[in-house]
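Chemist: You'll find query23.cif just under this line, and it carries mmCIF, C-alpha atoms.
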data_model
#
loop_
_atom_site.label_atom_id
_atom_site.label_comp_id
_atom_site.auth_asym_id
_atom_site.auth_seq_id
_atom_site.Cartn_x
_atom_site.Cartn_y
_atom_site.Cartn_z
CA MET A 1 -210.25 -79.34 179.07
CA SER A 2 -213.62 -77.71 178.41
CA GLY A 3 -213.58 -77.20 174.63
CA LEU A 4 -214.93 -79.34 171.83
CA PHE A 5 -212.75 -81.34 169.43
CA ILE A 6 -214.24 -82.53 166.11
CA SER A 7 -212.37 -84.40 163.37
CA PHE A 8 -213.13 -85.43 159.81
CA GLU A 9 -211.75 -88.67 158.41
CA GLY A 10 -212.07 -90.51 155.10
CA GLY A 11 -210.19 -91.54 152.01
CA GLU A 12 -208.88 -89.36 149.20
CA GLY A 13 -211.62 -87.33 147.54
CA SER A 14 -214.20 -88.00 150.26
CA GLY A 15 -214.80 -84.30 150.95
CA LYS A 16 -213.05 -83.82 154.30
CA THR A 17 -211.67 -80.38 153.47
CA THR A 18 -214.97 -79.14 152.07
CA GLN A 19 -216.97 -80.36 155.05
CA SER A 20 -214.42 -79.02 157.54
CA ASP A 21 -214.60 -75.59 155.90
CA MET A 22 -218.40 -75.62 155.84
CA LEU A 23 -218.62 -76.60 159.49
CA VAL A 24 -216.11 -73.96 160.58
CA ALA A 25 -218.02 -71.25 158.70
CA ARG A 26 -221.32 -72.35 160.28
CA LEU A 27 -219.85 -72.48 163.77
CA GLU A 28 -218.27 -69.05 163.41
CA ALA A 29 -221.57 -67.60 162.21
CA GLU A 30 -223.85 -69.23 164.77
CA CYS A 31 -222.11 -70.45 167.89
CA GLY A 32 -220.32 -67.45 169.40
CA ARG A 33 -217.20 -69.38 170.41
CA ARG A 34 -213.65 -69.36 169.10
CA VAL A 35 -213.26 -71.91 166.29
CA VAL A 36 -209.85 -73.29 165.26
CA ARG A 37 -209.46 -75.01 161.88
CA LEU A 38 -206.57 -77.51 161.54
CA HIS A 39 -205.27 -80.02 159.03
CA GLU A 40 -202.83 -82.88 159.45
CA PRO A 41 -199.95 -82.99 159.09
CA GLY A 42 -199.58 -79.27 159.73
CA GLY A 43 -200.85 -76.55 162.01
CA THR A 44 -197.42 -75.61 163.41
CA PRO A 45 -194.14 -74.59 161.73
CA LEU A 46 -192.79 -78.12 162.24
CA GLY A 47 -196.01 -79.70 161.00
CA GLU A 48 -196.11 -77.58 157.85
CA HIS A 49 -192.48 -78.40 157.14
CA ILE A 50 -193.16 -82.12 157.51
CA ARG A 51 -196.27 -81.83 155.33
CA GLY A 52 -194.38 -80.15 152.52
CA TRP A 53 -191.35 -82.39 152.81
CA VAL A 54 -193.32 -85.65 152.75
CA LYS A 55 -195.41 -84.58 149.75
CA ASP A 56 -192.35 -83.43 147.80
CA GLN A 57 -190.42 -86.68 148.12
CA ASN A 58 -189.98 -88.74 144.97
CA ALA A 59 -188.51 -91.73 146.79
CA PRO A 60 -190.81 -93.55 149.22
CA LEU A 61 -190.00 -93.29 152.91
CA MET A 62 -189.48 -96.29 155.11
CA LEU A 63 -192.79 -97.01 156.82
CA GLN A 64 -191.40 -96.57 160.33
CA ALA A 65 -189.86 -93.21 159.40
CA GLU A 66 -193.14 -92.05 157.88
CA LEU A 67 -195.04 -93.10 161.00
CA LEU A 68 -192.67 -91.20 163.27
CA LEU A 69 -192.73 -88.07 161.11
CA PHE A 70 -196.52 -87.93 161.34
CA ALA A 71 -196.32 -88.62 165.08
CA ALA A 72 -193.82 -85.79 165.55
CA SER A 73 -196.08 -83.37 163.69
CA ARG A 74 -199.07 -84.47 165.76
CA ALA A 75 -197.25 -84.23 169.09
CA GLU A 76 -196.29 -80.63 168.32
CA LEU A 77 -199.84 -79.83 167.21
CA VAL A 78 -201.42 -81.29 170.34
CA GLN A 79 -199.13 -79.58 172.80
CA ARG A 80 -198.87 -76.19 171.07
CA VAL A 81 -202.37 -75.81 169.62
CA ILE A 82 -205.06 -78.37 170.41
CA ARG A 83 -204.62 -78.76 174.17
CA PRO A 84 -204.25 -74.99 174.85
CA GLU A 85 -207.24 -74.14 172.65
CA LEU A 86 -209.48 -76.75 174.28
CA SER A 87 -208.50 -75.46 177.71
CA GLN A 88 -209.86 -72.05 176.62
CA ASP A 89 -213.25 -73.51 175.54
CA ALA A 90 -212.49 -73.28 171.81
CA ILE A 91 -213.98 -75.59 169.20
CA VAL A 92 -211.22 -77.36 167.28
CA VAL A 93 -212.08 -78.80 163.85
CA ALA A 94 -209.42 -81.06 162.34
CA ASP A 95 -209.10 -82.34 158.79
CA ARG A 96 -207.54 -85.71 159.75
CA TYR A 97 -206.09 -86.78 163.08
CA ALA A 98 -204.50 -89.90 164.57
CA ASP A 99 -207.13 -92.22 163.09
CA SER A 100 -205.62 -91.49 159.67
CA THR A 101 -202.30 -92.87 160.87
CA THR A 102 -203.96 -96.02 162.18
CA VAL A 103 -205.70 -96.62 158.87
CA TYR A 104 -203.04 -95.54 156.35
CA GLN A 105 -199.85 -96.73 158.04
CA GLY A 106 -201.45 -99.65 159.88
CA ASN A 107 -204.43 -101.17 158.09
CA ALA A 108 -203.48 -100.18 154.55
CA ARG A 109 -199.68 -100.18 154.56
CA GLY A 110 -199.18 -103.05 156.97
CA LEU A 111 -197.25 -101.69 159.93
CA PRO A 112 -198.09 -103.69 163.09
CA LEU A 113 -201.07 -102.02 164.70
CA GLU A 114 -199.43 -102.18 168.13
CA GLU A 115 -196.58 -100.00 166.80
CA VAL A 116 -199.02 -97.51 165.30
CA THR A 117 -201.09 -97.46 168.50
CA ALA A 118 -197.96 -96.80 170.58
CA ALA A 119 -196.87 -93.92 168.33
CA ASN A 120 -200.36 -92.42 168.42
CA ALA A 121 -200.49 -92.68 172.21
CA ILE A 122 -197.27 -90.71 172.56
CA ALA A 123 -198.27 -88.14 169.96
CA THR A 124 -201.80 -87.47 171.20
CA GLY A 125 -201.04 -87.53 174.91
CA GLY A 126 -204.54 -88.87 175.41
CA VAL A 127 -206.22 -86.02 173.50
CA TRP A 128 -208.83 -87.52 171.16
CA PRO A 129 -211.80 -85.97 169.35
CA HIS A 130 -215.16 -85.88 171.07
CA LEU A 131 -216.75 -86.51 167.67
CA THR A 132 -215.32 -87.93 164.44
CA PHE A 133 -217.14 -87.86 161.11
CA LEU A 134 -216.21 -90.61 158.66
CA LEU A 135 -217.02 -89.48 155.13
CA ASP A 136 -217.53 -92.86 153.53
CA ILE A 137 -217.47 -93.36 149.77
CA PRO A 138 -216.44 -96.26 147.52
CA PRO A 139 -212.85 -95.80 146.26
CA ASP A 140 -213.76 -95.90 142.57
CA ALA A 141 -216.11 -92.94 143.09
CA SER A 142 -213.76 -90.96 145.34
CA LEU A 143 -210.77 -91.26 143.00
CA ARG A 144 -212.76 -89.74 140.15
CA ARG A 145 -213.30 -86.65 142.32
CA VAL A 146 -209.66 -86.03 143.12
CA GLY A 147 -208.46 -84.18 139.99
CA VAL A 148 -204.90 -82.94 140.22
CA GLN A 149 -203.51 -83.88 143.62
CA THR A 150 -201.23 -86.47 145.11
CA SER A 151 -202.49 -89.77 146.35
CA PHE A 152 -201.24 -93.32 146.91
CA ASP A 153 -200.43 -96.32 144.74
CA MET A 154 -201.19 -99.94 145.64
CA GLU A 155 -198.28 -100.10 148.11
CA GLY A 156 -199.19 -96.75 149.64
CA HIS A 157 -196.42 -94.68 148.08
CA ILE A 158 -197.33 -91.05 147.38
CA VAL A 159 -197.79 -90.49 143.64
CA PRO A 160 -199.37 -87.83 141.38
CA ILE A 161 -202.88 -88.34 140.01
CA ALA A 162 -203.51 -87.46 136.39
CA ARG A 163 -206.44 -85.33 135.35
CA ALA A 164 -209.68 -87.26 134.94
CA GLU A 165 -209.67 -86.60 131.19
CA ASP A 166 -206.13 -88.01 130.91
CA SER A 167 -206.10 -91.54 129.46
CA SER A 168 -203.55 -92.54 132.09
CA PHE A 169 -205.99 -91.75 134.90
CA ARG A 170 -207.80 -95.07 134.50
CA ARG A 171 -204.51 -96.96 134.83
CA PHE A 172 -203.77 -95.13 138.07
CA GLU A 173 -207.30 -95.68 139.33
CA GLU A 174 -207.08 -99.41 138.70
CA LEU A 175 -203.69 -99.64 140.39
CA SER A 176 -204.60 -97.64 143.47
CA THR A 177 -208.07 -99.02 144.18
CA PRO A 178 -206.89 -102.03 146.27
CA PHE A 179 -204.97 -99.71 148.60
CA HIS A 180 -207.94 -97.39 148.95
CA ARG A 181 -210.23 -100.33 149.71
CA LYS A 182 -207.97 -101.18 152.64
CA VAL A 183 -208.21 -97.56 153.79
CA ARG A 184 -212.00 -97.63 153.64
CA ASP A 185 -212.22 -100.99 155.42
CA GLY A 186 -209.87 -99.74 158.14
CA TYR A 187 -212.01 -96.69 158.79
CA LEU A 188 -215.19 -98.73 158.95
CA GLN A 189 -213.56 -101.07 161.48
CA LEU A 190 -212.60 -98.13 163.70
CA ALA A 191 -216.10 -96.67 163.49
CA LYS A 192 -217.67 -100.00 164.39
CA ALA A 193 -215.34 -100.42 167.38
CA GLU A 194 -216.07 -96.96 168.81
CA PRO A 195 -219.64 -95.98 167.82
CA GLY A 196 -219.92 -93.37 170.56
CA ARG A 197 -217.31 -91.18 168.86
CA TRP A 198 -217.79 -91.94 165.19
CA VAL A 199 -220.58 -90.85 162.84
CA VAL A 200 -220.48 -92.54 159.43
CA LEU A 201 -221.94 -90.45 156.61
CA ASP A 202 -222.54 -91.31 152.96
CA ALA A 203 -220.11 -88.95 151.23
CA SER A 204 -221.53 -89.68 147.78
CA GLN A 205 -224.44 -87.36 148.63
CA PRO A 206 -224.41 -83.68 147.57
CA MET A 207 -222.15 -81.67 149.86
CA GLU A 208 -225.08 -79.65 151.20
CA ALA A 209 -226.84 -82.84 152.30
CA VAL A 210 -223.71 -84.10 154.05
CA HIS A 211 -223.24 -80.75 155.77
CA ALA A 212 -226.83 -80.78 157.03
CA GLN A 213 -226.21 -84.15 158.70
CA VAL A 214 -222.91 -82.92 160.16
CA TRP A 215 -224.55 -79.80 161.55
CA GLU A 216 -227.43 -81.75 163.07
CA ARG A 217 -225.03 -83.97 165.01
CA VAL A 218 -222.81 -81.06 166.07
CA GLN A 219 -225.82 -79.16 167.38
CA GLU A 220 -226.70 -82.17 169.53
CA LEU A 221 -223.20 -82.18 170.96
CA LEU A 222 -223.21 -78.44 171.62
CA ALA A 223 -226.49 -78.77 173.51
CA MET A 224 -225.12 -81.33 175.97
#
Give the structure from this file in structure tokens form.

Modeler:
Amino acid sequence: MSGLFISFEGGEGSGKTTQSDMLVARLEAECGRRVVRLHEPGGTPLGEHIRGWVKDQNAPLMLQAELLLFAASRAELVQRVIRPELSQDAIVVADRYADSTTVYQGNARGLPLEEVTAANAIATGGVWPHLTFLLDIPPDASLRRVGVQTSFDMEGHIVPIARAEDSSFRRFEELSTPFHRKVRDGYLQLAKAEPGRWVVLDASQPMEAVHAQVWERVQELLAM
């Protein structure tokens, strides 16, 4: 494979989607190569179905079932999109990848890491990003950014988040913070273990400042 694979990771409200969009726009304007923007789960008909189905469920899934659903979505994405695009010298930019599964289902929700690693190995087929940006921000700050979305409670079950002005928002924030701390700690452990792939950025900065740091590192990689 001759392309370039870049992923963005981080907790809820860290700015992954914003930074992915900004990088894709900059690459399309300045680099002269095909750029493919992806999010996980998603990117294929199966992946989008899984994404919608998981987010619409009121009852929590069994952890093993959730792990395997995400793995199925990823396997389809790798074989149908990522691997073919990289073989054609494209630049693939992903909003989440297998590291999210390690952190959310493993570190935060408590599935044995060997099970998560095995599922990721099958799903990725050995295809991993050349560069991963961790948008790091304390959970109490990131949760205030989220607005109306879905997120996770203390056990990791998907739940709605109230608007920031809603008095119930603080109750949710207090409940969910321990889970999000586990997510953050898990990401920092991965980044420390593989410093050649990971770049940790302070996501509490203005988005333009974060993008400038992202672009500087991507330019270095493109020049190699």

Chemist: Pull out every residue that the PyMOL selection byres ((chain A and resi 63-66) around 10) matches in the shown coordinates and put them as a count of residues only.

Modeler: 21

Chemist: What's around Glu30 in chain A at 12 Å? Count all atoms listed in the file, leave out sequence neighbours fewer than 5 positions away in its own chain, and write the answer as a short mmCIF file (atom, residue, chain, number, x, y, z; two decimals) with C-alpha atoms, keeping the file's coordinate frame.

Modeler:
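File produced: out.cif:
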data_model
loop_
_atom_site.label_atom_id
_atom_site.label_comp_id
_atom_site.auth_asym_id
_atom_site.auth_seq_id
_atom_site.Cartn_x
_atom_site.Cartn_y
_atom_site.Cartn_z
CA LEU A 23 -218.62 -76.60 159.49
CA VAL A 24 -216.11 -73.96 160.58
CA ALA A 25 -218.02 -71.25 158.70
CA VAL A 35 -213.26 -71.91 166.29
CA TRP A 215 -224.55 -79.80 161.55
CA VAL A 218 -222.81 -81.06 166.07
CA GLN A 219 -225.82 -79.16 167.38
CA LEU A 222 -223.21 -78.44 171.62
#

Chemist: Report the distance between CA of Val78 in chain A and CA of Glu220 in chain A in Å, rounded to one decimal place.

Modeler: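 Distance reported for this atom pair: 25.3 Å.
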
Chemist: List the residues matched by the PyMOL selection byres ((chain A and resi 197-212) around 7) in the displayed structure as a PyMOL selection string, ordered by chain and then by residue number.

Modeler: chain A and resi 14+19+130-137+191+194-196+213-216

Chemist: Under the rule that only C-alpha atoms are counted, which of A:Glu40, A:Asp56, A:Asp95, A:Asp89 is the nearest residue to Thr17 in chain A?

Modeler: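 Using only C-alpha atoms, the shortest distance to Thr17 in chain A belongs to A:Asp95.
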
Chemist: Which residues, named as in the file, does the PyMOL selection byres ((chain A and resi 180-185) around 7) pick out? Answer as an MDAnalysis selection string.

Modeler: chainID A and resid 11 103:104 107:108 139 176:179 186:189

Chemist: Can you measure CA of Glu48 in chain A to CA of Ala75 in chain A for me? One decimal in Å is fine.

Modeler: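 Atom-to-atom, CA of Glu48 in chain A and CA of Ala75 in chain A are spaced 13.1 Å apart.
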
Chemist: Closest to Pro138 in chain A among A:Gly43, A:Gly10, A:Phe5, A:Ser73, using only C-alpha atoms?

Modeler: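 Among the listed residues, the smallest separation from Pro138 in chain A belongs to A:Gly10.
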
Chemist: Can you measure CA of Val36 in chain A to CA of Val81 in chain A for me? One decimal in Å is fine.

Modeler: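 That distance, rounded to one decimal, is 9.0 Å.
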